[in-house]
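Coordinates as given in entry-v7.cif (mmCIF, C-alpha atoms and all ligand atoms):
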data_work
#
loop_
_atom_site.label_atom_id
_atom_site.label_comp_id
_atom_site.auth_asym_id
_atom_site.auth_seq_id
_atom_site.Cartn_x
_atom_site.Cartn_y
_atom_site.Cartn_z
CA MET A 1 -26.10 0.06 -0.24
CA SER A 2 -25.92 -0.16 3.56
CA LEU A 3 -25.54 2.97 5.67
CA LEU A 4 -21.97 2.00 6.57
CA GLU A 5 -21.09 1.53 2.89
CA GLN A 6 -22.46 5.00 2.16
CA ILE A 7 -20.35 6.45 4.97
CA ARG A 8 -17.23 4.73 3.65
CA ARG A 9 -17.76 5.81 0.03
CA PRO A 10 -15.68 9.01 -0.05
CA VAL A 11 -12.68 7.19 1.46
CA GLU A 12 -13.12 3.69 -0.03
CA ASP A 13 -9.70 3.65 -1.73
CA LEU A 14 -8.01 5.05 1.35
CA LEU A 15 -9.59 2.33 3.51
CA ARG A 16 -8.15 -0.39 1.28
CA GLU A 17 -4.73 1.26 1.35
CA CYS A 18 -4.97 1.59 5.11
CA ARG A 19 -5.82 -2.09 5.57
CA THR A 20 -2.80 -3.12 3.50
CA TYR A 21 -0.63 -0.74 5.56
CA MET A 22 -1.89 -2.38 8.75
CA CYS A 23 -1.58 -6.01 7.55
CA ASP A 24 1.98 -5.34 6.32
CA ARG A 25 2.97 -4.26 9.82
CA MET A 26 0.88 -6.55 12.02
CA THR A 27 3.09 -9.56 11.49
CA ALA A 28 5.06 -12.05 13.56
CA ASP A 29 8.07 -14.24 12.80
CA ASP A 30 6.56 -17.10 14.72
CA PRO A 31 3.75 -18.99 12.89
CA PHE A 32 1.80 -19.51 16.13
CA VAL A 33 1.81 -15.80 16.96
CA GLN A 34 0.94 -15.04 13.32
CA SER A 35 -2.03 -17.42 13.52
CA MET A 36 -3.35 -15.50 16.55
CA LEU A 37 -2.89 -12.20 14.71
CA ASP A 38 -4.67 -13.59 11.63
CA TYR A 39 -7.60 -14.70 13.79
CA ILE A 40 -7.85 -11.33 15.54
CA ILE A 41 -7.54 -9.32 12.31
CA GLY A 42 -10.14 -11.58 10.68
CA ASN A 43 -12.56 -10.87 13.52
CA MET A 44 -12.18 -7.11 13.69
CA GLY A 45 -15.26 -4.93 13.88
CA LYS A 46 -16.72 -2.27 11.62
CA GLY A 47 -13.56 -0.15 11.72
CA VAL A 48 -15.34 2.99 12.91
CA ARG A 49 -12.15 4.49 14.41
CA PRO A 50 -9.89 4.22 11.33
CA LEU A 51 -12.85 5.37 9.22
CA LEU A 52 -13.12 8.45 11.41
CA VAL A 53 -9.38 9.13 11.03
CA LEU A 54 -9.65 8.96 7.23
CA LEU A 55 -12.80 11.09 7.05
CA SER A 56 -11.23 13.71 9.30
CA SER A 57 -8.02 13.78 7.24
CA ARG A 58 -10.04 14.06 4.04
CA LEU A 59 -12.25 16.78 5.53
CA HIS A 60 -9.21 18.91 6.28
CA ALA A 61 -7.22 18.16 3.12
CA GLU A 62 -9.69 18.02 0.26
CA GLY A 63 -8.32 17.02 -3.11
CA VAL A 64 -4.83 16.34 -1.77
CA ALA A 65 -3.23 12.88 -1.65
CA LEU A 66 -3.12 11.64 1.95
CA GLY A 67 0.19 10.19 3.09
CA GLU A 68 1.63 7.71 5.55
CA ARG A 69 0.73 9.87 8.55
CA THR A 70 -2.99 9.21 8.07
CA ASN A 71 -2.46 5.45 7.60
CA LEU A 72 -0.26 5.33 10.67
CA ALA A 73 -2.83 7.18 12.77
CA ALA A 74 -5.63 4.90 11.54
CA MET A 75 -3.59 1.77 12.27
CA LEU A 76 -2.65 2.94 15.77
CA VAL A 77 -6.20 3.76 16.87
CA GLU A 78 -7.53 0.49 15.46
CA MET A 79 -4.78 -1.57 17.11
CA ILE A 80 -5.25 0.11 20.49
CA HIS A 81 -8.96 -0.63 20.18
CA THR A 82 -8.33 -4.24 19.11
CA ALA A 83 -5.82 -4.92 21.89
CA SER A 84 -8.09 -3.31 24.47
CA LEU A 85 -10.94 -5.65 23.49
CA VAL A 86 -8.66 -8.71 23.67
CA HIS A 87 -7.73 -7.63 27.20
CA ASP A 88 -11.30 -6.67 28.04
CA ASP A 89 -12.57 -10.16 27.20
CA VAL A 90 -10.00 -11.61 29.60
CA ILE A 91 -11.12 -9.24 32.36
CA ASP A 92 -14.81 -9.93 31.68
CA GLU A 93 -14.12 -13.65 31.13
CA SER A 94 -16.15 -13.26 27.96
CA PRO A 95 -16.31 -16.41 25.79
CA MET A 96 -17.49 -14.59 22.65
CA ARG A 97 -16.55 -11.50 20.65
CA ARG A 98 -18.61 -10.47 17.64
CA GLY A 99 -20.25 -13.86 17.44
CA ASN A 100 -16.95 -15.79 17.43
CA PRO A 101 -14.95 -17.36 20.26
CA SER A 102 -12.92 -14.69 22.07
CA VAL A 103 -9.12 -14.96 22.05
CA ASN A 104 -9.15 -16.08 25.70
CA ASN A 105 -11.72 -18.74 24.86
CA ARG A 106 -9.53 -20.12 22.02
CA TRP A 107 -6.04 -19.83 23.52
CA GLY A 108 -6.56 -19.14 27.22
CA ALA A 109 -6.31 -15.92 29.24
CA ASN A 110 -2.50 -15.87 29.52
CA SER A 111 -1.96 -16.02 25.77
CA ALA A 112 -4.73 -13.47 25.18
CA VAL A 113 -3.06 -10.93 27.50
CA LEU A 114 0.30 -11.52 25.85
CA CYS A 115 -1.14 -11.25 22.36
CA GLY A 116 -2.83 -7.94 23.26
CA ASP A 117 0.57 -6.73 24.48
CA TYR A 118 2.20 -7.98 21.28
CA ILE A 119 -0.30 -6.00 19.15
CA LEU A 120 0.36 -2.81 21.09
CA ALA A 121 4.15 -3.25 20.94
CA THR A 122 4.02 -3.96 17.19
CA ALA A 123 1.77 -0.97 16.49
CA PHE A 124 3.97 1.47 18.41
CA ASP A 125 7.12 -0.09 16.95
CA ALA A 126 5.71 0.81 13.51
CA GLY A 127 4.87 4.28 14.84
CA MET A 128 8.43 4.91 16.01
CA THR A 129 10.04 3.39 12.90
CA SER A 130 7.96 5.68 10.67
CA GLY A 131 9.67 8.73 12.16
CA HIS A 132 6.32 10.57 12.48
CA TYR A 133 6.76 10.78 16.24
CA ASP A 134 3.99 13.31 16.79
CA ILE A 135 1.30 10.81 15.74
CA PRO A 136 2.03 8.05 18.32
CA THR A 137 2.75 10.74 20.93
CA PHE A 138 -0.68 12.26 20.30
CA ILE A 139 -2.39 8.87 20.50
CA ILE A 140 -0.66 7.29 23.49
CA SER A 141 -2.45 9.48 26.03
CA ALA A 142 -5.74 7.98 24.78
CA MET A 143 -4.41 4.56 25.77
CA ARG A 144 -3.55 5.83 29.22
CA GLN A 145 -7.06 7.18 29.71
CA LEU A 146 -8.58 3.95 28.41
CA CYS A 147 -6.72 2.00 31.08
CA SER A 148 -7.68 4.52 33.75
CA GLY A 149 -11.37 4.33 32.75
CA GLU A 150 -11.33 0.53 32.90
CA LEU A 151 -9.62 0.53 36.30
CA VAL A 152 -12.24 2.86 37.81
CA GLN A 153 -15.05 0.85 36.19
CA ASN A 154 -13.64 -2.37 37.66
CA GLU A 155 -13.55 -0.83 41.10
CA CYS A 156 -17.15 0.37 40.74
CA ASN A 157 -18.23 -3.14 39.68
CA ARG A 158 -16.44 -4.63 42.64
CA THR A 159 -18.12 -2.29 45.12
CA SER A 160 -21.52 -2.04 43.31
CA THR A 161 -21.31 1.76 43.38
CA MET A 162 -21.83 4.37 40.71
CA THR A 163 -22.63 8.06 40.38
CA ARG A 164 -23.58 9.98 37.25
CA GLU A 165 -20.32 11.93 37.40
CA LEU A 166 -18.28 8.72 37.61
CA TYR A 167 -20.31 7.02 34.87
CA LEU A 168 -19.76 9.92 32.46
CA ASP A 169 -16.05 10.02 33.32
CA ILE A 170 -15.70 6.25 32.79
CA ILE A 171 -17.44 6.18 29.41
CA ASN A 172 -15.52 9.23 28.30
CA LYS A 173 -12.22 7.53 29.11
CA LYS A 174 -13.03 4.01 28.00
CA THR A 175 -14.80 4.91 24.74
CA ALA A 176 -15.13 8.59 23.84
CA VAL A 177 -11.45 9.45 24.20
CA LEU A 178 -10.39 6.98 21.50
CA LEU A 179 -13.08 8.27 19.12
CA SER A 180 -12.21 11.90 19.82
CA THR A 181 -8.53 11.04 19.35
CA SER A 182 -9.36 9.35 16.03
CA ALA A 183 -11.18 12.43 14.75
CA ALA A 184 -8.50 14.79 16.05
CA VAL A 185 -5.47 12.86 14.84
CA GLY A 186 -6.94 12.62 11.33
CA ALA A 187 -6.78 16.42 11.27
CA VAL A 188 -3.32 16.47 12.90
CA ALA A 189 -2.01 14.03 10.28
CA VAL A 190 -2.72 16.51 7.47
CA GLY A 191 -1.48 19.58 9.35
CA ALA A 192 -4.90 21.13 10.09
CA SER A 193 -5.11 24.18 12.36
CA ARG A 194 -5.42 23.91 16.13
CA GLU A 195 -8.99 25.18 15.89
CA CYS A 196 -9.91 22.33 13.53
CA VAL A 197 -8.21 19.75 15.77
CA GLU A 198 -10.20 21.08 18.73
CA ARG A 199 -13.41 20.98 16.72
CA MET A 200 -12.75 17.36 15.77
CA THR A 201 -12.02 16.52 19.41
CA GLU A 202 -15.40 17.97 20.36
CA PHE A 203 -17.14 16.03 17.58
CA GLY A 204 -15.44 12.73 18.48
CA THR A 205 -16.15 13.16 22.19
CA ALA A 206 -19.87 13.76 21.63
CA LEU A 207 -20.06 10.89 19.13
CA GLY A 208 -18.14 8.60 21.50
CA MET A 209 -20.34 9.40 24.50
CA ALA A 210 -23.42 8.68 22.39
CA PHE A 211 -21.77 5.48 21.07
CA GLN A 212 -21.15 4.08 24.57
CA ILE A 213 -24.58 5.06 25.89
CA LYS A 214 -26.08 3.27 22.87
CA ASP A 215 -23.92 0.24 23.72
CA ASP A 216 -25.23 0.33 27.28
CA ILE A 217 -28.83 0.54 26.02
CA LEU A 218 -28.27 -2.33 23.54
CA ASP A 219 -27.05 -4.53 26.37
CA TYR A 220 -30.67 -4.63 27.63
CA ASP A 221 -32.08 -5.47 24.20
CA VAL A 222 -32.73 -9.18 23.77
CA ASP A 223 -33.09 -8.70 19.99
CA ALA A 224 -29.82 -6.76 19.49
CA GLN A 225 -27.25 -8.47 17.29
CA THR A 226 -24.16 -7.69 19.31
CA GLY A 227 -22.74 -11.21 19.18
CA LYS A 228 -22.99 -11.40 22.99
CA PRO A 229 -25.80 -12.52 25.27
CA SER A 230 -28.01 -9.62 26.38
CA CYS A 231 -27.73 -8.21 29.93
CA ASN A 232 -24.07 -9.13 30.20
CA ASP A 233 -23.40 -5.85 32.00
CA LEU A 234 -25.76 -6.92 34.78
CA ARG A 235 -24.03 -10.31 35.08
CA GLU A 236 -20.72 -8.44 35.39
CA GLY A 237 -22.15 -6.24 38.16
CA LYS A 238 -21.83 -3.18 35.91
CA ILE A 239 -24.06 -0.19 36.64
CA THR A 240 -24.57 1.63 33.35
CA LEU A 241 -26.85 4.57 32.56
CA PRO A 242 -30.21 2.71 32.26
CA LEU A 243 -29.86 1.16 35.75
CA LEU A 244 -28.18 4.26 37.14
CA SER A 245 -31.15 6.42 36.08
CA VAL A 246 -33.51 4.10 37.98
CA LEU A 247 -31.22 4.04 41.04
CA GLU A 248 -31.11 7.84 41.07
CA SER A 249 -34.87 8.12 41.42
CA ALA A 250 -35.26 5.24 43.91
CA ASP A 251 -35.61 5.75 47.68
CA GLU A 252 -32.96 4.25 49.97
CA CYS A 253 -34.87 1.02 50.65
CA GLU A 254 -35.53 0.42 46.96
CA ARG A 255 -31.94 1.31 46.10
CA GLN A 256 -30.67 -1.35 48.50
CA ARG A 257 -33.01 -3.90 46.97
CA LEU A 258 -31.72 -3.09 43.47
CA VAL A 259 -28.07 -3.30 44.55
CA ALA A 260 -28.78 -6.69 46.19
CA LEU A 261 -30.40 -7.87 42.96
CA LEU A 262 -27.34 -6.67 41.01
CA GLN A 263 -25.04 -8.65 43.27
CA ALA A 264 -27.21 -11.73 42.87
CA ALA A 265 -27.24 -11.24 39.07
CA ARG A 266 -23.64 -12.48 38.88
CA THR A 267 -24.88 -16.04 39.36
CA ASP A 268 -28.68 -15.89 39.32
CA GLU A 269 -30.52 -15.57 35.99
CA CYS A 270 -33.82 -14.73 37.75
CA ALA A 271 -32.17 -11.65 39.27
CA VAL A 272 -30.90 -10.65 35.81
CA GLU A 273 -34.41 -10.91 34.37
CA GLN A 274 -35.97 -9.02 37.31
CA LEU A 275 -33.50 -6.17 36.94
CA ARG A 276 -34.04 -6.00 33.19
CA GLU A 277 -37.77 -5.77 33.76
CA ILE A 278 -37.43 -3.06 36.43
CA VAL A 279 -35.05 -0.95 34.33
CA THR A 280 -37.35 -1.21 31.31
CA THR A 281 -40.64 -0.45 33.07
CA ARG A 282 -39.25 2.44 35.17
CA GLY A 283 -37.97 4.37 32.18
CA GLY A 284 -34.24 3.65 32.57
CA LEU A 285 -33.81 2.94 28.87
CA GLN A 286 -35.77 6.04 27.91
CA ALA A 287 -33.66 8.25 30.20
CA ALA A 288 -30.48 6.85 28.65
CA GLN A 289 -31.89 7.41 25.16
CA THR A 290 -32.59 11.08 25.99
CA LEU A 291 -28.98 11.69 27.05
CA MET A 292 -27.72 9.82 24.00
CA ASP A 293 -29.81 12.06 21.73
CA ASP A 294 -28.37 15.09 23.50
CA TYR A 295 -24.77 14.01 22.77
CA MET A 296 -25.71 13.14 19.21
CA ASN A 297 -27.12 16.63 18.66
CA ARG A 298 -23.86 18.11 19.95
CA ALA A 299 -21.91 15.99 17.45
CA ARG A 300 -24.24 17.06 14.60
CA ALA A 301 -23.83 20.72 15.55
CA VAL A 302 -20.04 20.47 15.13
CA VAL A 303 -20.35 18.80 11.72
CA ALA A 304 -22.74 21.56 10.64
CA MET A 305 -19.88 24.09 11.01
CA TYR A 306 -18.21 22.64 7.90
CA PRO A 307 -19.27 23.49 4.36
CA ALA A 308 -21.37 20.86 2.60
CA SER A 309 -19.33 18.06 0.97
CA ASP A 310 -19.52 14.29 0.53
CA VAL A 311 -17.18 13.87 3.52
CA ARG A 312 -19.36 16.08 5.73
CA ARG A 313 -22.34 13.98 4.61
CA SER A 314 -20.46 10.85 5.73
CA LEU A 315 -19.90 12.36 9.17
CA GLU A 316 -23.61 13.21 9.39
CA LEU A 317 -24.47 9.65 8.38
CA LEU A 318 -22.00 8.33 10.95
CA CYS A 319 -24.12 10.06 13.61
CA GLU A 320 -27.23 8.36 12.17
CA PHE A 321 -25.42 5.04 12.15
CA VAL A 322 -24.38 5.25 15.80
CA ALA A 323 -27.88 6.31 16.86
CA ALA A 324 -29.67 3.61 14.84
CA ARG A 325 -27.32 0.62 15.17
CA ASN A 326 -28.48 -2.62 16.74
CA ASN A 327 -25.11 -4.35 16.93
C1 LIG A 401 -15.22 -2.68 26.13
O1 LIG A 401 -16.08 -2.39 27.15
C2 LIG A 401 -13.84 -2.23 26.54
C3 LIG A 401 -13.32 -1.02 26.39
C4 LIG A 401 -14.10 0.04 25.73
C5 LIG A 401 -11.96 -0.66 26.86
C6 LIG A 401 -11.14 -1.77 27.44
C7 LIG A 401 -9.85 -1.26 27.98
C8 LIG A 401 -8.97 -2.01 28.65
C9 LIG A 401 -9.18 -3.45 28.92
C10 LIG A 401 -7.72 -1.37 29.15
C11 LIG A 401 -6.52 -1.91 28.44
C12 LIG A 401 -6.24 -1.05 27.29
C13 LIG A 401 -5.35 -1.35 26.31
C14 LIG A 401 -5.07 -0.35 25.28
C15 LIG A 401 -4.65 -2.65 26.22
P1 LIG A 401 -17.32 -3.28 27.52
O2 LIG A 401 -16.88 -4.44 28.35
O3 LIG A 401 -18.33 -2.37 28.10
O4 LIG A 401 -17.84 -3.71 26.11
P2 LIG A 401 -18.05 -5.15 25.50
O5 LIG A 401 -19.44 -5.48 25.87
O6 LIG A 401 -17.85 -4.95 24.02
O7 LIG A 401 -17.07 -6.09 26.09
MG MG A 402 -16.43 -6.38 27.98
#
As structure tokens - that is how I would like this structure written.
Ligand code: FPP
Ligand code: MG
Amino acid sequence: MSLLEQIRRPVEDLLRECRTYMCDRMTADDPFVQSMLDYIIGNMGKGVRPLLVLLSSRLHAEGVALGERTNLAAMLVEMIHTASLVHDDVIDESPMRRGNPSVNNRWGANSAVLCGDYILATAFDAGMTSGHYDIPTFIISAMRQLCSGELVQNECNRTSTMTRELYLDIINKKTAVLLSTSAAVGAVAVGASRECVERMTEFGTALGMAFQIKDDILDYDVDAQTGKPSCNDLREGKITLPLLSVLESADECERQRLVALLQAARTDECAVEQLREIVTTRGGLQAAQTLMDDYMNRARAVVAMYPASDVRRSLELLCEFVAARNN
């Protein structure tokens, strides 16, 4: 049994129910729009966010049947994530997502943007129709932060600038917020106390920060199975933690040379390879790994506050999974 299957075990039935709930609502009258939705739903990822919602609900409501509120929360976080990636591939002009042609590659950028919008509108339509207004209200601020994080990141790419403070703020907004919201809203959905919701927010934030740093490390790994070419961040002019760590310890002359290489990397594969080599040999990946481990330990410490159970074990294994993944 794979690690992910072990993590899913305590909520296997709920995951199936949740998928049916989502497919029943992610529909379109028009066959063309439906075909786009089918393609996108068929190419979704590992479902870490809805899994986190379900585990958090289960953790705070043991032995009780979970209701529509949990399914709704799980669907909303997954659909925000899905739509954000459809839009992200347009922004990054990425031809592939998870080893398959991206939506923009198949139908063009205009249709991809519109389809992302359609997914968001449909998800929140379902949220409002359900009458559980607190759930979409809780989640929508995550979407706002996601957009804000992406906007700041875009501006940093455009100007080839980055600071540690900005980097941490960007990855918090673009990744950690949706994971912390997933963990928190799972607790909200079953009426957990404010203290528990705050604890889940802390867990999800730490896990999400570690998740994005791992993503940024994997981008340098030529053997990673991410479904995308390695070093894409460099080609996009993106300064992530491995390169940032090297820039921080470089003198002004060296820093300028690295920034020039980054600008050249948009079109020059030799510059990409040189930067990869520099970041690797000067300990950039190791520095990023150290900070990732630090966040992971924070996430583990929160989980350790709960009494032992199969759900707590799944959350512990989720930390292992994020730390060890290569895709
Ligand atoms: C992937 O980043 C992208 C995100 C984590 C967020 C993208 C957010 C937006 C485009 C804002 C719009 C939001 C909504 C809800 C429509 P990445 O490019 O580092 O990762 P990748 O390598 O997987 O593409
Ligand atoms: Mg991208």
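The shortest atom-to-atom distance to ligand LIG 401 (chain A), with all atoms listed in the file taken into account, belongs to A:Gly116 out of A:Gly208, A:Gly116, A:Gly127, A:Gly283.
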| request: Would you mind listing the residues within 6 Å of ligand LIG 401 (chain A), counting all atoms listed in the file, as a list of chain:residue names? | output: A:Ile80, A:Ala83, A:Ser84, A:Leu85, A:His87, A:Asp88, A:Met143, A:Leu146, A:Cys147, A:Glu150, A:Lys174, A:Thr175
Dump of C-alpha atoms for the selected residues, as a PDB file, keeping the file's coordinate frame:
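Output file selection.pdb follows:
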ATOM      1  CA  ILE A  80      -5.250   0.110  20.490  1.00  0.00           C
ATOM      2  CA  ALA A  83      -5.820  -4.920  21.890  1.00  0.00           C
ATOM      3  CA  SER A  84      -8.090  -3.310  24.470  1.00  0.00           C
ATOM      4  CA  LEU A  85     -10.940  -5.650  23.490  1.00  0.00           C
ATOM      5  CA  HIS A  87      -7.730  -7.630  27.200  1.00  0.00           C
ATOM      6  CA  ASP A  88     -11.300  -6.670  28.040  1.00  0.00           C
ATOM      7  CA  MET A 143      -4.410   4.560  25.770  1.00  0.00           C
ATOM      8  CA  LEU A 146      -8.580   3.950  28.410  1.00  0.00           C
ATOM      9  CA  CYS A 147      -6.720   2.000  31.080  1.00  0.00           C
ATOM     10  CA  GLU A 150     -11.330   0.530  32.900  1.00  0.00           C
ATOM     11  CA  LYS A 174     -13.030   4.010  28.000  1.00  0.00           C
ATOM     12  CA  THR A 175     -14.800   4.910  24.740  1.00  0.00           C
TER      13      THR A 175
END
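Closest approach to ligand MG 402 (chain A) among A:Thr122, A:Thr163, A:Gln153, A:Gln256 is made by A:Gln153 (distances from all atoms listed in the file).
Put simply, atom CA of A:Leu234 is 14.0 Å away from atom CA of A:Leu285.
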| Quick one: residues within 12 Å of ligand MG 402 (chain A), with only C-alpha atoms and all ligand atoms, as a ChimeraX atom specification? | /A:84-98,102,150,153-154,174-175,212,215-216,219,226-229,231-238
| field | Closest of A:Asn71, A:Asn326, A:Ser193, A:Gln289 to A:Pro242 - atom-to-atom distances counting all atoms listed in the file | value | A:Gln289
Could you give me, as a PDB file with C-alpha atoms, in the frame of the given file, the residues that sit within 8 Å of (-2.6, 6.5, 5.8) in the file's coordinates, counting only C-alpha atoms?
ATOM      1  CA  LEU A  14      -8.010   5.050   1.350  1.00  0.00           C
ATOM      2  CA  GLU A  17      -4.730   1.260   1.350  1.00  0.00           C
ATOM      3  CA  CYS A  18      -4.970   1.590   5.110  1.00  0.00           C
ATOM      4  CA  TYR A  21      -0.630  -0.740   5.560  1.00  0.00           C
ATOM      5  CA  LEU A  54      -9.650   8.960   7.230  1.00  0.00           C
ATOM      6  CA  LEU A  66      -3.120  11.640   1.950  1.00  0.00           C
ATOM      7  CA  GLY A  67       0.190  10.190   3.090  1.00  0.00           C
ATOM      8  CA  GLU A  68       1.630   7.710   5.550  1.00  0.00           C
ATOM      9  CA  ARG A  69       0.730   9.870   8.550  1.00  0.00           C
ATOM     10  CA  THR A  70      -2.990   9.210   8.070  1.00  0.00           C
ATOM     11  CA  ASN A  71      -2.460   5.450   7.600  1.00  0.00           C
ATOM     12  CA  LEU A  72      -0.260   5.330  10.670  1.00  0.00           C
ATOM     13  CA  ALA A  73      -2.830   7.180  12.770  1.00  0.00           C
ATOM     14  CA  ALA A  74      -5.630   4.900  11.540  1.00  0.00           C
TER      15      ALA A  74
END
Once 6 Å is added on each side, what centre and edge lengths in Å to one decimal does the axis-aligned box around all listed atoms of stretch 234-242 of chain A have, as AutoDock Vina command-line options?
--center_x -25.5 --center_y -2.9 --center_z 35.2 --size_x 21.5 --size_y 26.9 --size_z 17.9
| Near-stretch 305-314 of chain A list (7 Å; only C-alpha atoms; drop same-chain fewer than 2 positions) as JSON, numbers by chain | {"A": [7, 10, 55, 59, 301, 302, 303, 316, 317, 318]}
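Residues having any atom no farther than 7 Å from (-14.7, 15.2, 14.2) (counting only C-alpha atoms) are Ser56, Ser180, Ala183, Ala184, Arg199, Met200, Thr201, Glu202, Phe203 and Gly204 of chain A.
You will find atom CA of A:Arg49 at 6.5 Å from atom CA of A:Val77.
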Mind writing stretch 30-52 of chain A to a file for me, with N, CA and C atoms, as an mmCIF file, in the first residue's frame?
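The resulting file, decode.cif, is reproduced below:
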data_model
loop_
_atom_site.group_PDB
_atom_site.id
_atom_site.type_symbol
_atom_site.label_atom_id
_atom_site.label_comp_id
_atom_site.auth_asym_id
_atom_site.auth_seq_id
_atom_site.Cartn_x
_atom_site.Cartn_y
_atom_site.Cartn_z
ATOM 1 N N ASP A 30 -23.832 22.917 -21.533
ATOM 2 C CA ASP A 30 -23.244 22.840 -22.870
ATOM 3 C C ASP A 30 -22.228 21.688 -22.963
ATOM 4 N N PRO A 31 -22.358 20.814 -23.990
ATOM 5 C CA PRO A 31 -21.442 19.664 -24.082
ATOM 6 C C PRO A 31 -19.968 20.064 -24.218
ATOM 7 N N PHE A 32 -19.712 21.207 -24.872
ATOM 8 C CA PHE A 32 -18.307 21.630 -25.016
ATOM 9 C C PHE A 32 -17.719 21.997 -23.643
ATOM 10 N N VAL A 33 -18.485 22.778 -22.886
ATOM 11 C CA VAL A 33 -18.003 23.174 -21.555
ATOM 12 C C VAL A 33 -17.854 21.918 -20.686
ATOM 13 N N GLN A 34 -18.821 21.003 -20.819
ATOM 14 C CA GLN A 34 -18.747 19.757 -20.033
ATOM 15 C C GLN A 34 -17.488 18.962 -20.398
ATOM 16 N N SER A 35 -17.132 18.975 -21.699
ATOM 17 C CA SER A 35 -15.938 18.210 -22.102
ATOM 18 C C SER A 35 -14.678 18.820 -21.479
ATOM 19 N N MET A 36 -14.647 20.147 -21.345
ATOM 20 C CA MET A 36 -13.497 20.781 -20.680
ATOM 21 C C MET A 36 -13.456 20.382 -19.204
ATOM 22 N N LEU A 37 -14.641 20.422 -18.574
ATOM 23 C CA LEU A 37 -14.706 20.048 -17.151
ATOM 24 C C LEU A 37 -14.254 18.599 -16.950
ATOM 25 N N ASP A 38 -14.731 17.715 -17.844
ATOM 26 C CA ASP A 38 -14.365 16.293 -17.730
ATOM 27 C C ASP A 38 -12.844 16.126 -17.823
ATOM 28 N N TYR A 39 -12.251 16.867 -18.757
ATOM 29 C CA TYR A 39 -10.794 16.773 -18.943
ATOM 30 C C TYR A 39 -10.067 17.236 -17.673
ATOM 31 N N ILE A 40 -10.524 18.369 -17.145
ATOM 32 C CA ILE A 40 -9.864 18.955 -15.969
ATOM 33 C C ILE A 40 -10.042 18.042 -14.753
ATOM 34 N N ILE A 41 -11.265 17.534 -14.573
ATOM 35 C CA ILE A 41 -11.523 16.655 -13.412
ATOM 36 C C ILE A 41 -10.731 15.342 -13.556
ATOM 37 N N GLY A 42 -10.594 14.881 -14.807
ATOM 38 C CA GLY A 42 -9.823 13.657 -15.044
ATOM 39 C C GLY A 42 -8.329 13.843 -14.863
ATOM 40 N N ASN A 43 -7.881 15.086 -14.801
ATOM 41 C CA ASN A 43 -6.435 15.347 -14.662
ATOM 42 C C ASN A 43 -6.123 16.062 -13.341
ATOM 43 N N MET A 44 -7.002 15.822 -12.340
ATOM 44 C CA MET A 44 -6.752 16.470 -11.058
ATOM 45 C C MET A 44 -5.608 15.752 -10.347
ATOM 46 N N GLY A 45 -5.074 16.398 -9.344
ATOM 47 C CA GLY A 45 -3.887 15.855 -8.669
ATOM 48 C C GLY A 45 -4.231 14.844 -7.583
ATOM 49 N N LYS A 46 -3.417 14.849 -6.544
ATOM 50 C CA LYS A 46 -3.535 13.841 -5.489
ATOM 51 C C LYS A 46 -4.681 14.144 -4.528
ATOM 52 N N GLY A 47 -5.245 15.325 -4.625
ATOM 53 C CA GLY A 47 -6.383 15.669 -3.756
ATOM 54 C C GLY A 47 -5.961 15.869 -2.305
ATOM 55 N N VAL A 48 -4.789 16.477 -2.111
ATOM 56 C CA VAL A 48 -4.296 16.683 -0.745
ATOM 57 C C VAL A 48 -5.225 17.616 0.055
ATOM 58 N N ARG A 49 -5.755 18.655 -0.613
ATOM 59 C CA ARG A 49 -6.578 19.630 0.120
ATOM 60 C C ARG A 49 -7.903 19.038 0.608
ATOM 61 N N PRO A 50 -8.701 18.387 -0.298
ATOM 62 C CA PRO A 50 -9.919 17.756 0.230
ATOM 63 C C PRO A 50 -9.622 16.667 1.260
ATOM 64 N N LEU A 51 -8.515 15.964 1.076
ATOM 65 C CA LEU A 51 -8.126 14.932 2.051
ATOM 66 C C LEU A 51 -7.909 15.565 3.429
ATOM 67 N N LEU A 52 -7.256 16.725 3.408
ATOM 68 C CA LEU A 52 -6.994 17.433 4.664
ATOM 69 C C LEU A 52 -8.299 17.900 5.318
#
